[in-house]
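Novice: Structure file coords04.csv (CSV, C-alpha atoms) right here:
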```csv
chain,number,residue,atom,x,y,z
A,24,MET,CA,-3.3,24.3,46.3
A,25,GLU,CA,-1.5,21.1,45.3
A,26,THR,CA,1.7,20.2,43.5
A,27,LEU,CA,2.5,17.4,41.1
A,28,THR,CA,6.0,16.7,39.7
A,29,LEU,CA,6.5,14.4,36.8
A,30,GLU,CA,10.0,13.1,36.4
A,31,PHE,CA,11.6,11.8,33.3
A,32,GLU,CA,14.8,10.0,32.3
A,33,ASN,CA,16.2,13.2,30.8
A,34,ALA,CA,15.3,16.7,29.6
A,35,ARG,CA,15.0,15.5,26.0
A,36,ILE,CA,12.3,13.1,26.8
A,37,ALA,CA,10.4,15.6,28.9
A,38,GLN,CA,10.6,18.2,26.2
A,39,SER,CA,9.5,15.7,23.5
A,40,LEU,CA,6.1,15.4,25.2
A,41,TYR,CA,5.3,19.1,24.5
A,42,ALA,CA,7.1,19.2,21.2
A,43,GLY,CA,9.8,21.4,22.8
A,44,ASP,CA,7.4,24.3,22.5
A,45,PRO,CA,6.9,26.3,25.7
A,46,LYS,CA,3.8,28.0,24.2
A,47,LEU,CA,2.0,24.6,24.5
A,48,LEU,CA,2.6,24.6,28.2
A,49,LYS,CA,1.2,28.2,28.3
A,50,ASP,CA,-1.9,26.9,26.5
A,51,LEU,CA,-2.2,24.1,29.1
A,52,GLU,CA,-1.9,26.7,31.9
A,53,ALA,CA,-4.6,28.9,30.5
A,54,ARG,CA,-7.0,26.1,29.7
A,55,LEU,CA,-6.7,24.1,32.9
A,56,GLY,CA,-5.9,26.8,35.4
A,57,VAL,CA,-2.6,25.4,36.6
A,58,ARG,CA,1.0,26.7,36.7
A,59,ALA,CA,3.5,24.6,34.7
A,60,THR,CA,7.2,24.7,35.2
A,61,ALA,CA,9.6,22.6,33.1
A,62,ARG,CA,13.3,22.1,34.0
A,63,ASP,CA,15.9,19.4,33.4
A,64,GLY,CA,14.0,16.1,33.3
A,65,TRP,CA,10.9,17.2,35.2
A,66,ILE,CA,7.7,19.1,34.8
A,67,ARG,CA,5.8,20.5,37.8
A,68,PHE,CA,2.2,21.5,38.0
A,69,GLU,CA,0.7,23.7,40.7
A,70,GLY,CA,-3.1,24.3,41.2
A,71,GLU,CA,-6.3,22.9,42.5
A,72,LYS,CA,-6.6,19.1,42.6
A,73,PRO,CA,-9.2,18.7,39.7
A,74,ALA,CA,-6.9,20.8,37.4
A,75,ILE,CA,-3.8,18.9,38.5
A,76,ASP,CA,-5.6,15.6,37.7
A,77,ARG,CA,-6.4,16.9,34.2
A,78,ALA,CA,-2.8,18.0,33.6
A,79,ARG,CA,-1.7,14.5,34.7
A,80,SER,CA,-4.2,12.9,32.3
A,81,VAL,CA,-2.8,15.1,29.4
A,82,PHE,CA,0.8,13.8,30.0
A,83,ASP,CA,-0.3,10.3,30.6
A,84,GLN,CA,-1.9,10.3,27.1
A,85,LEU,CA,1.2,11.9,25.6
A,86,GLN,CA,3.6,9.4,27.2
A,87,THR,CA,1.4,6.4,26.1
A,88,ALA,CA,1.4,7.7,22.5
A,89,ALA,CA,5.2,8.3,22.5
A,90,LYS,CA,5.8,4.8,23.7
A,91,GLN,CA,3.8,3.5,20.7
A,92,GLY,CA,6.0,5.3,18.3
A,93,VAL,CA,3.9,8.5,17.8
A,94,SER,CA,5.9,11.7,17.4
A,95,ILE,CA,4.3,14.3,19.6
A,96,GLN,CA,3.7,17.5,17.8
A,97,ARG,CA,1.4,20.5,18.4
A,98,GLN,CA,-1.7,18.7,17.1
A,99,GLU,CA,-1.2,15.7,19.4
A,100,PHE,CA,-0.6,17.8,22.4
A,101,LEU,CA,-3.8,19.9,21.8
A,102,GLN,CA,-5.8,16.8,21.1
A,103,ALA,CA,-4.9,15.4,24.6
A,104,LEU,CA,-5.6,18.8,26.1
A,105,ASP,CA,-8.9,19.2,24.4
A,106,SER,CA,-10.0,15.8,25.7
A,107,VAL,CA,-9.6,16.7,29.4
A,108,SER,CA,-10.7,20.4,29.3
A,109,PRO,CA,-13.9,21.2,31.2
A,110,ASN,CA,-17.0,20.4,29.1
A,111,ALA,CA,-14.7,18.5,26.7
A,112,SER,CA,-16.2,16.7,23.7
A,113,ALA,CA,-12.9,15.8,22.0
A,114,GLU,CA,-11.7,12.2,21.7
A,115,PRO,CA,-8.7,11.2,23.9
A,116,LEU,CA,-5.5,10.9,22.0
A,117,SER,CA,-5.4,7.2,22.6
A,118,SER,CA,-8.6,6.8,20.6
A,119,LEU,CA,-6.9,8.5,17.6
A,120,ILE,CA,-3.7,6.4,17.7
A,121,GLU,CA,-5.7,3.2,17.7
A,122,THR,CA,-6.0,3.8,14.0
A,123,LYS,CA,-2.4,3.1,13.0
A,124,ILE,CA,-1.2,2.6,9.4
A,125,HIS,CA,2.1,0.7,9.1
A,126,CYS,CA,3.8,1.4,5.8
A,127,SER,CA,7.5,0.4,6.5
A,128,PRO,CA,9.2,-1.3,9.4
A,129,ARG,CA,11.9,1.5,9.2
A,130,LYS,CA,9.3,4.3,9.4
A,131,PRO,CA,7.1,5.4,12.3
A,132,PRO,CA,3.4,4.4,11.9
A,133,VAL,CA,1.0,7.0,10.4
A,134,VAL,CA,-1.7,8.0,12.8
A,135,PRO,CA,-4.6,10.4,12.4
A,136,ARG,CA,-4.0,13.7,14.1
A,137,THR,CA,-7.5,14.9,14.4
A,138,ALA,CA,-10.9,13.3,14.8
A,139,GLY,CA,-11.7,14.3,11.2
A,140,GLN,CA,-8.7,12.4,9.9
A,141,LYS,CA,-9.7,9.3,11.9
A,142,SER,CA,-13.1,9.4,10.3
A,143,TYR,CA,-11.6,9.8,6.9
A,144,LEU,CA,-9.4,6.7,7.4
A,145,GLN,CA,-12.4,4.7,8.6
A,146,SER,CA,-14.3,5.8,5.5
A,147,ILE,CA,-11.4,4.6,3.2
A,148,GLN,CA,-11.2,1.3,5.0
A,149,SER,CA,-15.0,0.6,4.8
A,150,HIS,CA,-15.8,1.9,1.2
A,151,ASP,CA,-14.5,1.0,-2.2
A,152,ILE,CA,-14.7,4.6,-3.3
A,153,THR,CA,-14.1,7.5,-0.9
A,154,PHE,CA,-14.2,11.3,-1.6
A,155,GLY,CA,-12.0,13.4,0.7
A,156,VAL,CA,-12.9,17.1,0.3
A,157,GLY,CA,-11.5,20.0,2.3
A,158,PRO,CA,-8.9,22.7,2.7
A,159,ALA,CA,-5.2,22.5,2.2
A,160,GLY,CA,-3.1,20.9,4.9
A,161,THR,CA,-5.7,18.4,6.2
A,162,GLY,CA,-3.8,15.3,5.1
A,163,LYS,CA,-6.2,14.3,2.4
A,164,THR,CA,-3.6,13.1,0.0
A,165,TYR,CA,-1.0,11.9,2.5
A,166,LEU,CA,-3.4,9.7,4.4
A,167,ALA,CA,-4.8,8.2,1.2
A,168,VAL,CA,-1.3,7.3,0.0
A,169,ALA,CA,-0.5,5.8,3.4
A,170,CYS,CA,-3.6,3.6,3.1
A,171,ALA,CA,-2.5,2.6,-0.4
A,172,VAL,CA,1.0,1.6,0.7
A,173,ALA,CA,-0.4,-0.3,3.7
A,174,ALA,CA,-2.8,-2.2,1.4
A,175,LEU,CA,0.0,-3.1,-0.9
A,176,LYS,CA,2.2,-4.4,2.0
A,177,GLN,CA,-0.7,-6.5,3.2
A,178,GLU,CA,-1.2,-7.9,-0.3
A,179,LYS,CA,-4.8,-6.7,-0.5
A,180,ILE,CA,-4.0,-5.1,-3.8
A,181,LYS,CA,-1.3,-5.7,-6.5
A,182,ARG,CA,-0.5,-2.1,-7.5
A,183,ILE,CA,-0.9,1.6,-6.7
A,184,VAL,CA,-1.9,4.1,-9.3
A,185,LEU,CA,-1.6,7.8,-8.4
A,186,THR,CA,-2.9,10.5,-10.7
A,187,ARG,CA,-3.8,14.1,-10.8
A,188,PRO,CA,-4.8,16.6,-13.6
A,189,ALA,CA,-2.0,18.9,-14.9
A,190,VAL,CA,-4.4,21.8,-15.4
A,191,GLU,CA,-1.9,24.4,-14.6
A,192,ALA,CA,0.3,23.3,-17.5
A,193,GLY,CA,-2.4,23.6,-20.1
A,194,GLU,CA,-1.2,23.6,-23.7
A,195,ALA,CA,2.2,24.9,-22.5
A,196,LEU,CA,3.2,21.4,-21.4
A,197,GLY,CA,4.7,20.7,-24.9
A,198,PHE,CA,6.9,23.8,-24.7
A,199,LEU,CA,8.6,22.7,-21.4
A,200,PRO,CA,12.1,21.3,-21.8
A,201,GLY,CA,12.9,17.6,-21.5
A,202,ALA,CA,11.1,14.3,-22.1
A,203,LEU,CA,7.5,13.8,-21.2
A,204,GLU,CA,8.3,12.4,-17.7
A,205,GLU,CA,10.4,15.5,-17.0
A,206,LYS,CA,7.6,17.8,-18.2
A,207,ILE,CA,5.0,16.4,-15.9
A,208,LEU,CA,7.2,15.8,-12.9
A,209,PRO,CA,6.5,19.2,-11.3
A,210,TYR,CA,2.7,18.5,-11.3
A,211,LEU,CA,3.1,15.1,-9.7
A,212,ARG,CA,5.8,16.1,-7.2
A,213,PRO,CA,3.4,16.1,-4.1
A,214,LEU,CA,2.6,12.4,-4.8
A,215,TYR,CA,6.3,11.6,-5.0
A,216,ASP,CA,6.9,13.5,-1.7
A,217,ALA,CA,4.3,11.5,0.1
A,218,LEU,CA,5.8,8.2,-1.1
A,219,HIS,CA,9.3,9.2,-0.2
A,220,ASP,CA,8.1,10.0,3.3
A,221,LEU,CA,6.4,6.6,3.7
A,222,LEU,CA,8.9,4.3,2.1
A,223,GLU,CA,12.6,3.8,2.0
A,224,ALA,CA,14.1,5.3,-1.2
A,225,GLU,CA,15.5,2.0,-2.4
A,226,GLU,CA,12.2,0.2,-1.9
A,227,LEU,CA,10.2,2.9,-3.6
A,228,GLN,CA,12.5,2.9,-6.6
A,229,LYS,CA,12.2,-0.9,-7.0
A,230,LEU,CA,8.4,-0.7,-6.8
A,231,MET,CA,8.3,2.1,-9.4
A,232,ASP,CA,10.7,0.3,-11.7
A,233,ARG,CA,8.5,-2.8,-11.6
A,234,ASN,CA,5.4,-0.5,-12.2
A,235,ILE,CA,3.8,-1.7,-9.0
A,236,ILE,CA,3.6,2.0,-8.1
A,237,GLU,CA,2.6,4.2,-11.0
A,238,ILE,CA,2.3,7.9,-11.1
A,239,ALA,CA,0.7,9.4,-14.2
A,240,PRO,CA,-1.3,12.4,-15.5
A,241,LEU,CA,-5.1,11.9,-15.5
A,242,ALA,CA,-5.1,11.8,-19.3
A,243,TYR,CA,-3.3,8.5,-19.2
A,244,MET,CA,-6.2,6.8,-17.5
A,245,ARG,CA,-8.5,6.8,-20.5
A,246,GLY,CA,-9.3,3.4,-22.0
A,247,ARG,CA,-7.8,1.5,-19.0
A,248,THR,CA,-9.4,-0.9,-16.5
A,249,LEU,CA,-7.6,-0.8,-13.2
A,250,GLY,CA,-8.2,-4.1,-11.4
A,251,ASN,CA,-6.7,-5.2,-8.0
A,252,SER,CA,-5.4,-1.6,-7.6
A,253,PHE,CA,-5.5,1.2,-5.1
A,254,VAL,CA,-6.2,4.3,-7.2
A,255,ILE,CA,-5.9,7.9,-6.0
A,256,LEU,CA,-7.0,10.9,-7.9
A,257,ASP,CA,-5.5,14.0,-6.3
A,258,GLU,CA,-6.5,17.7,-6.9
A,259,ALA,CA,-9.8,16.4,-8.3
A,260,GLN,CA,-11.3,19.9,-8.2
A,261,ASN,CA,-9.4,20.6,-11.4
A,262,THR,CA,-11.0,17.7,-13.3
A,263,THR,CA,-13.8,18.5,-15.8
A,264,ALA,CA,-17.1,16.7,-15.4
A,265,GLU,CA,-16.1,14.5,-18.4
A,266,GLN,CA,-12.7,13.6,-16.9
A,267,MET,CA,-14.2,12.7,-13.5
A,268,LEU,CA,-16.7,10.3,-15.1
A,269,MET,CA,-14.0,8.8,-17.3
A,270,PHE,CA,-11.8,8.3,-14.2
A,271,LEU,CA,-14.5,6.8,-11.9
A,272,THR,CA,-15.4,4.2,-14.6
A,273,ARG,CA,-11.8,2.9,-14.8
A,274,LEU,CA,-12.2,1.0,-11.5
A,275,GLY,CA,-12.0,-2.8,-11.9
A,276,ILE,CA,-12.6,-5.8,-9.7
A,277,GLY,CA,-10.7,-5.9,-6.4
A,278,SER,CA,-9.9,-2.2,-6.5
A,279,LYS,CA,-10.2,0.7,-4.1
A,280,CYS,CA,-10.3,4.4,-5.1
A,281,VAL,CA,-9.8,7.7,-3.2
A,282,VAL,CA,-10.6,11.0,-4.7
A,283,THR,CA,-9.3,14.1,-3.0
A,284,GLY,CA,-9.7,17.8,-3.7
A,285,ASP,CA,-10.4,21.3,-2.4
A,286,VAL,CA,-13.3,23.1,-4.0
A,287,THR,CA,-11.9,26.5,-2.9
A,288,GLN,CA,-8.9,26.0,-5.2
A,289,ILE,CA,-10.5,25.4,-8.6
A,290,ASP,CA,-8.2,26.4,-11.5
A,291,LEU,CA,-10.6,25.6,-14.3
A,292,PRO,CA,-12.0,28.3,-16.5
A,293,ARG,CA,-15.1,29.9,-15.0
A,294,ASN,CA,-17.4,28.4,-17.5
A,295,LYS,CA,-16.2,24.9,-16.7
A,296,LEU,CA,-18.0,22.8,-14.0
A,297,SER,CA,-15.6,21.0,-11.7
A,298,GLY,CA,-15.9,17.3,-11.9
A,299,LEU,CA,-15.4,17.0,-8.1
A,300,VAL,CA,-18.4,19.4,-7.4
A,301,GLU,CA,-20.6,17.4,-9.8
A,302,ALA,CA,-19.5,14.0,-8.5
A,303,VAL,CA,-20.1,14.8,-4.8
A,304,SER,CA,-23.6,16.1,-5.7
A,305,ALA,CA,-24.5,13.2,-7.9
A,306,LEU,CA,-23.0,10.3,-5.9
A,307,ARG,CA,-23.5,11.3,-2.2
A,308,ASP,CA,-26.4,8.8,-1.8
A,309,VAL,CA,-24.8,5.9,-3.7
A,310,GLN,CA,-24.2,2.9,-1.5
A,311,GLY,CA,-20.6,1.9,-1.3
A,312,ILE,CA,-19.3,5.4,-1.8
A,313,GLY,CA,-18.0,7.3,1.2
A,314,MET,CA,-18.0,11.1,1.5
A,315,HIS,CA,-15.8,12.9,4.0
A,316,PHE,CA,-15.6,16.6,4.4
A,317,PHE,CA,-12.7,18.2,6.3
A,318,THR,CA,-12.8,21.6,8.0
A,319,GLU,CA,-10.2,24.1,9.0
A,320,LYS,CA,-10.0,22.3,12.4
A,321,ASP,CA,-8.3,19.4,10.6
A,322,VAL,CA,-5.4,21.5,9.2
A,323,VAL,CA,-2.2,20.0,10.6
A,324,ARG,CA,0.4,22.3,9.0
A,325,HIS,CA,1.8,25.5,10.6
A,326,PRO,CA,-0.8,26.9,13.1
A,327,LEU,CA,-1.1,30.0,10.9
A,328,VAL,CA,-2.4,27.8,8.0
A,329,GLN,CA,-5.6,27.1,9.9
A,330,SER,CA,-6.1,30.8,10.6
A,331,ILE,CA,-5.4,31.6,6.9
A,332,VAL,CA,-7.9,29.0,5.7
A,333,LEU,CA,-10.6,30.3,8.1
A,334,ALA,CA,-9.9,34.0,7.3
A,335,TYR,CA,-10.2,33.4,3.5
A,336,LYS,CA,-13.4,31.3,4.1
A,337,ASP,CA,-15.0,34.2,5.9
A,338,HIS,CA,-13.8,36.8,3.5
A,339,ARG,CA,-14.8,35.0,0.3
A,340,GLY,CA,-17.8,33.0,1.5
A,341,SER,CA,-17.2,29.3,1.4
A,342,ARG,CA,-17.5,27.7,-2.0
A,343,GLU,CA,-18.3,24.4,-0.2
A,344,SER,CA,-21.9,25.5,-0.2
A,345,ARG,CA,-21.8,24.5,-3.9
A,346,ILE,CA,-21.6,20.8,-2.8
```
The structure in this file should be written as structure tokens.
Specialist:
Amino acid sequence: METLTLEFENARIAQSLYAGDPKLLKDLEARLGVRATARDGWIRFEGEKPAIDRARSVFDQLQTAAKQGVSIQRQEFLQALDSVSPNASAEPLSSLIETKIHCSPRKPPVVPRTAGQKSYLQSIQSHDITFGVGPAGTGKTYLAVACAVAALKQEKIKRIVLTRPAVEAGEALGFLPGALEEKILPYLRPLYDALHDLLEAEELQKLMDRNIIEIAPLAYMRGRTLGNSFVILDEAQNTTAEQMLMFLTRLGIGSKCVVTGDVTQIDLPRNKLSGLVEAVSALRDVQGIGMHFFTEKDVVRHPLVQSIVLAYKDHRGSRESRI
């Protein structure tokens, strides 16, 4: 039996390495076969030497990530833990955070939180068109918007165009109060939320006022050619086959496109084929187009969301078999 005590500058720093969640230390105890005790400014491990060494490796990874500006949350802790567990096949946390996306000097860098997210980012970087398909909470839209903002900052593109179908509104859109912009705002809100998280409010407003960042319903894409742009189509499972073809043929010279969607959340009438389902089937072998499929393991919201996605998948039978 051996003992290892890790000392930190203060209790806040120590707690930040396990997201202030004692349950994560319990997970570490169960997985590695050690006893973990956390007190003011220190964490002590007791156990056999191989297990103690693995526990040290976990916290070495977490400290390195924290020093690089990464906020340690449950997903980061479990990634580090998975990488050192017996018979581990997971990448070390350091491998994930190598893929940083810098959007604003006043905001922390965006880093992938799972191996699936890292692969998705690599696909976006290496393809002009990428499809990101998977369940809610996997970061499909957020990571795509982060890539778009980073490309704009690096002057790789001149504008960002974000769009999604407003299927839920249907014909009732005209009956909603307010001007057109006010009518469609609720359906575009997730895109605004991502931008607000990645950019300072004043900077974002300036970019939108100058139309460098444009957020619009999918119907507004018809007849346009989007050159030198980073174009994102969100909630693509709710496009019709005709809308998807229309959208994909808008891409101009010097542009990059990301299409995101979840085929288990299609809101179209049952007799309508989803444009996303058809596009993935038709384009999966086209050179220059990347296809990335997330699983419930990539869900980075509340831990219960992953369980909910998996439970519904088992209960209903996955619609992903359609693609």
Novice: What separation in Å, quoted to one decimal, exists between CA of Pro188 (chain A) and CA of Gln288 (chain A)?
Specialist: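 Atom-to-atom, CA of Pro188 (chain A) to CA of Gln288 (chain A), that is 13.3 Å.
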Novice: Of the candidates A:Glu30, A:Lys90, A:Met244, A:Gly160, which one gets nearest to Ser330 (chain A) if we count all atoms listed in the file?
Specialist: A:Gly160
Novice: Which is closer to Arg182 (chain A) than all the others in A:Gly313, A:Gly92, A:Gly70, A:Gly250, using all atoms listed in the file?
Specialist: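 Closest to Arg182 (chain A), using all atoms listed in the file: A:Gly250.
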Novice: Which is closest to Phe317 (chain A) among A:Asp257, A:Asp337, A:Asp290, A:Asp285, if we use all atoms listed in the file?
Specialist: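 Using all atoms listed in the file, Phe317 (chain A) sits closest to A:Asp285.
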Novice: So how far away is CA of Leu175 (chain A) from CA of Met267 (chain A), in Å?
Specialist: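 Separating CA of Met267 (chain A) from CA of Leu175 (chain A) is a distance of 24.7 Å.
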Novice: What does the structure give for the distance between CA of Ile236 (chain A) and CA of Ile183 (chain A), in Å to one decimal?
Specialist: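 Separation of CA of Ile236 (chain A) and CA of Ile183 (chain A): 4.7 Å.
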Novice: Leaving out region 39-44 of chain A and any residue of its chain fewer than 3 positions from it, which residues lie within 8 Å of it when counting only C-alpha atoms, given as a compact mmCIF listing (two decimals) with C-alpha atoms, keeping the file's coordinate frame?
Specialist:
```txt
# COMPACT_ATOMS: atom_id res chain seq x y z
CA ARG A 35 15.00 15.50 26.00
CA ILE A 36 12.30 13.10 26.80
CA LEU A 47 2.00 24.60 24.50
CA LEU A 48 2.60 24.60 28.20
CA PHE A 82 0.80 13.80 30.00
CA LEU A 85 1.20 11.90 25.60
CA GLN A 86 3.60 9.40 27.20
CA ALA A 89 5.20 8.30 22.50
CA ILE A 95 4.30 14.30 19.60
CA GLN A 96 3.70 17.50 17.80
CA ARG A 97 1.40 20.50 18.40
CA PHE A 100 -0.60 17.80 22.40
```
Novice: Report as a PyMOL selection string all protein, DNA and RNA residues lying within 12 Å of Asp76 (chain A), evaluated on all atoms listed in the file, omitting residues in the same chain fewer than 2 positions from it.
Specialist: chain A and resi 25-28+55-57+68-74+78-83+107-109
Novice: Next, dump the selected residues to file, keeping only C-alpha atoms, as a short mmCIF file (atom, residue, chain, number, x, y, z; two decimals), in the frame of the given file.
Specialist:
```
data_model
loop_
_atom_site.label_atom_id
_atom_site.label_comp_id
_atom_site.auth_asym_id
_atom_site.auth_seq_id
_atom_site.Cartn_x
_atom_site.Cartn_y
_atom_site.Cartn_z
CA GLU A 25 -1.50 21.10 45.30
CA THR A 26 1.70 20.20 43.50
CA LEU A 27 2.50 17.40 41.10
CA THR A 28 6.00 16.70 39.70
CA LEU A 55 -6.70 24.10 32.90
CA GLY A 56 -5.90 26.80 35.40
CA VAL A 57 -2.60 25.40 36.60
CA PHE A 68 2.20 21.50 38.00
CA GLU A 69 0.70 23.70 40.70
CA GLY A 70 -3.10 24.30 41.20
CA GLU A 71 -6.30 22.90 42.50
CA LYS A 72 -6.60 19.10 42.60
CA PRO A 73 -9.20 18.70 39.70
CA ALA A 74 -6.90 20.80 37.40
CA ALA A 78 -2.80 18.00 33.60
CA ARG A 79 -1.70 14.50 34.70
CA SER A 80 -4.20 12.90 32.30
CA VAL A 81 -2.80 15.10 29.40
CA PHE A 82 0.80 13.80 30.00
CA ASP A 83 -0.30 10.30 30.60
CA VAL A 107 -9.60 16.70 29.40
CA SER A 108 -10.70 20.40 29.30
CA PRO A 109 -13.90 21.20 31.20
#
```
Novice: With a cut-off of 9 Å, could you pull out the residues of region 207-303 of chain A touching region 111-133 of chain A and give me the nearest pair of atoms for each, distance in Å to one decimal, using only C-alpha atoms, ordered by chain and ascending number, as JSON lines?
Specialist:
```
{"residue": "A:Asp220", "atom": "CA", "partner": "A:Lys130", "partner_atom": "CA", "distance": 8.4}
{"residue": "A:Leu221", "atom": "CA", "partner": "A:Cys126", "partner_atom": "CA", "distance": 6.2}
{"residue": "A:Leu222", "atom": "CA", "partner": "A:Ser127", "partner_atom": "CA", "distance": 6.0}
{"residue": "A:Glu223", "atom": "CA", "partner": "A:Arg129", "partner_atom": "CA", "distance": 7.6}
```
Novice: I need the residue nearest Leu218 (chain A) from this list: A:Ala171, A:Ala242, A:Ala37, A:Leu249. Use all atoms listed in the file for the distance.
Specialist: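 For Leu218 (chain A), the nearest of the given residues is A:Ala171.
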Novice: Using only C-alpha atoms, pick whichever of A:Lys176, A:Lys49, A:Arg212, A:Arg136 has the shortest atom-to-atom distance to Ala189 (chain A).
Specialist: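 Comparing A:Lys176, A:Lys49, A:Arg212, A:Arg136 against Ala189 (chain A), the winner is A:Arg212.
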Novice: Residues at most 10 Å from Asp321 (chain A), counting only C-alpha atoms, excluding those fewer than 4 positions away in the same chain, as an mmCIF file with C-alpha atoms, in the coordinates of the input?
Specialist:
```cif
data_model
loop_
_atom_site.group_PDB
_atom_site.id
_atom_site.type_symbol
_atom_site.label_atom_id
_atom_site.label_comp_id
_atom_site.auth_asym_id
_atom_site.auth_seq_id
_atom_site.Cartn_x
_atom_site.Cartn_y
_atom_site.Cartn_z
ATOM 1 C CA GLN A 98 -1.700 18.700 17.100
ATOM 2 C CA PRO A 135 -4.600 10.400 12.400
ATOM 3 C CA ARG A 136 -4.000 13.700 14.100
ATOM 4 C CA THR A 137 -7.500 14.900 14.400
ATOM 5 C CA ALA A 138 -10.900 13.300 14.800
ATOM 6 C CA GLY A 139 -11.700 14.300 11.200
ATOM 7 C CA GLN A 140 -8.700 12.400 9.900
ATOM 8 C CA GLY A 157 -11.500 20.000 2.300
ATOM 9 C CA PRO A 158 -8.900 22.700 2.700
ATOM 10 C CA ALA A 159 -5.200 22.500 2.200
ATOM 11 C CA GLY A 160 -3.100 20.900 4.900
ATOM 12 C CA THR A 161 -5.700 18.400 6.200
ATOM 13 C CA GLY A 162 -3.800 15.300 5.100
ATOM 14 C CA LYS A 163 -6.200 14.300 2.400
ATOM 15 C CA PHE A 316 -15.600 16.600 4.400
ATOM 16 C CA PHE A 317 -12.700 18.200 6.300
ATOM 17 C CA GLN A 329 -5.600 27.100 9.900
#
```
Novice: For each of A:Ala302, A:Ala224, A:Leu271, A:Val286, take the minimum atom-to-atom distance to Gly246 (chain A), counting only C-alpha atoms, then give the residue where this is smallest.
Specialist: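 Result for the nearest residue to Gly246 (chain A): A:Leu271.
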Novice: When you look at Ala167 (chain A) with a cut-off of 8 Å (counting only C-alpha atoms), what residues show up, excluding the ones that are within fewer than 2 positions of it in the same chain? I need them as a PyMOL selection string.
Specialist: chain A and resi 144+147+163-165+169-171+255+281
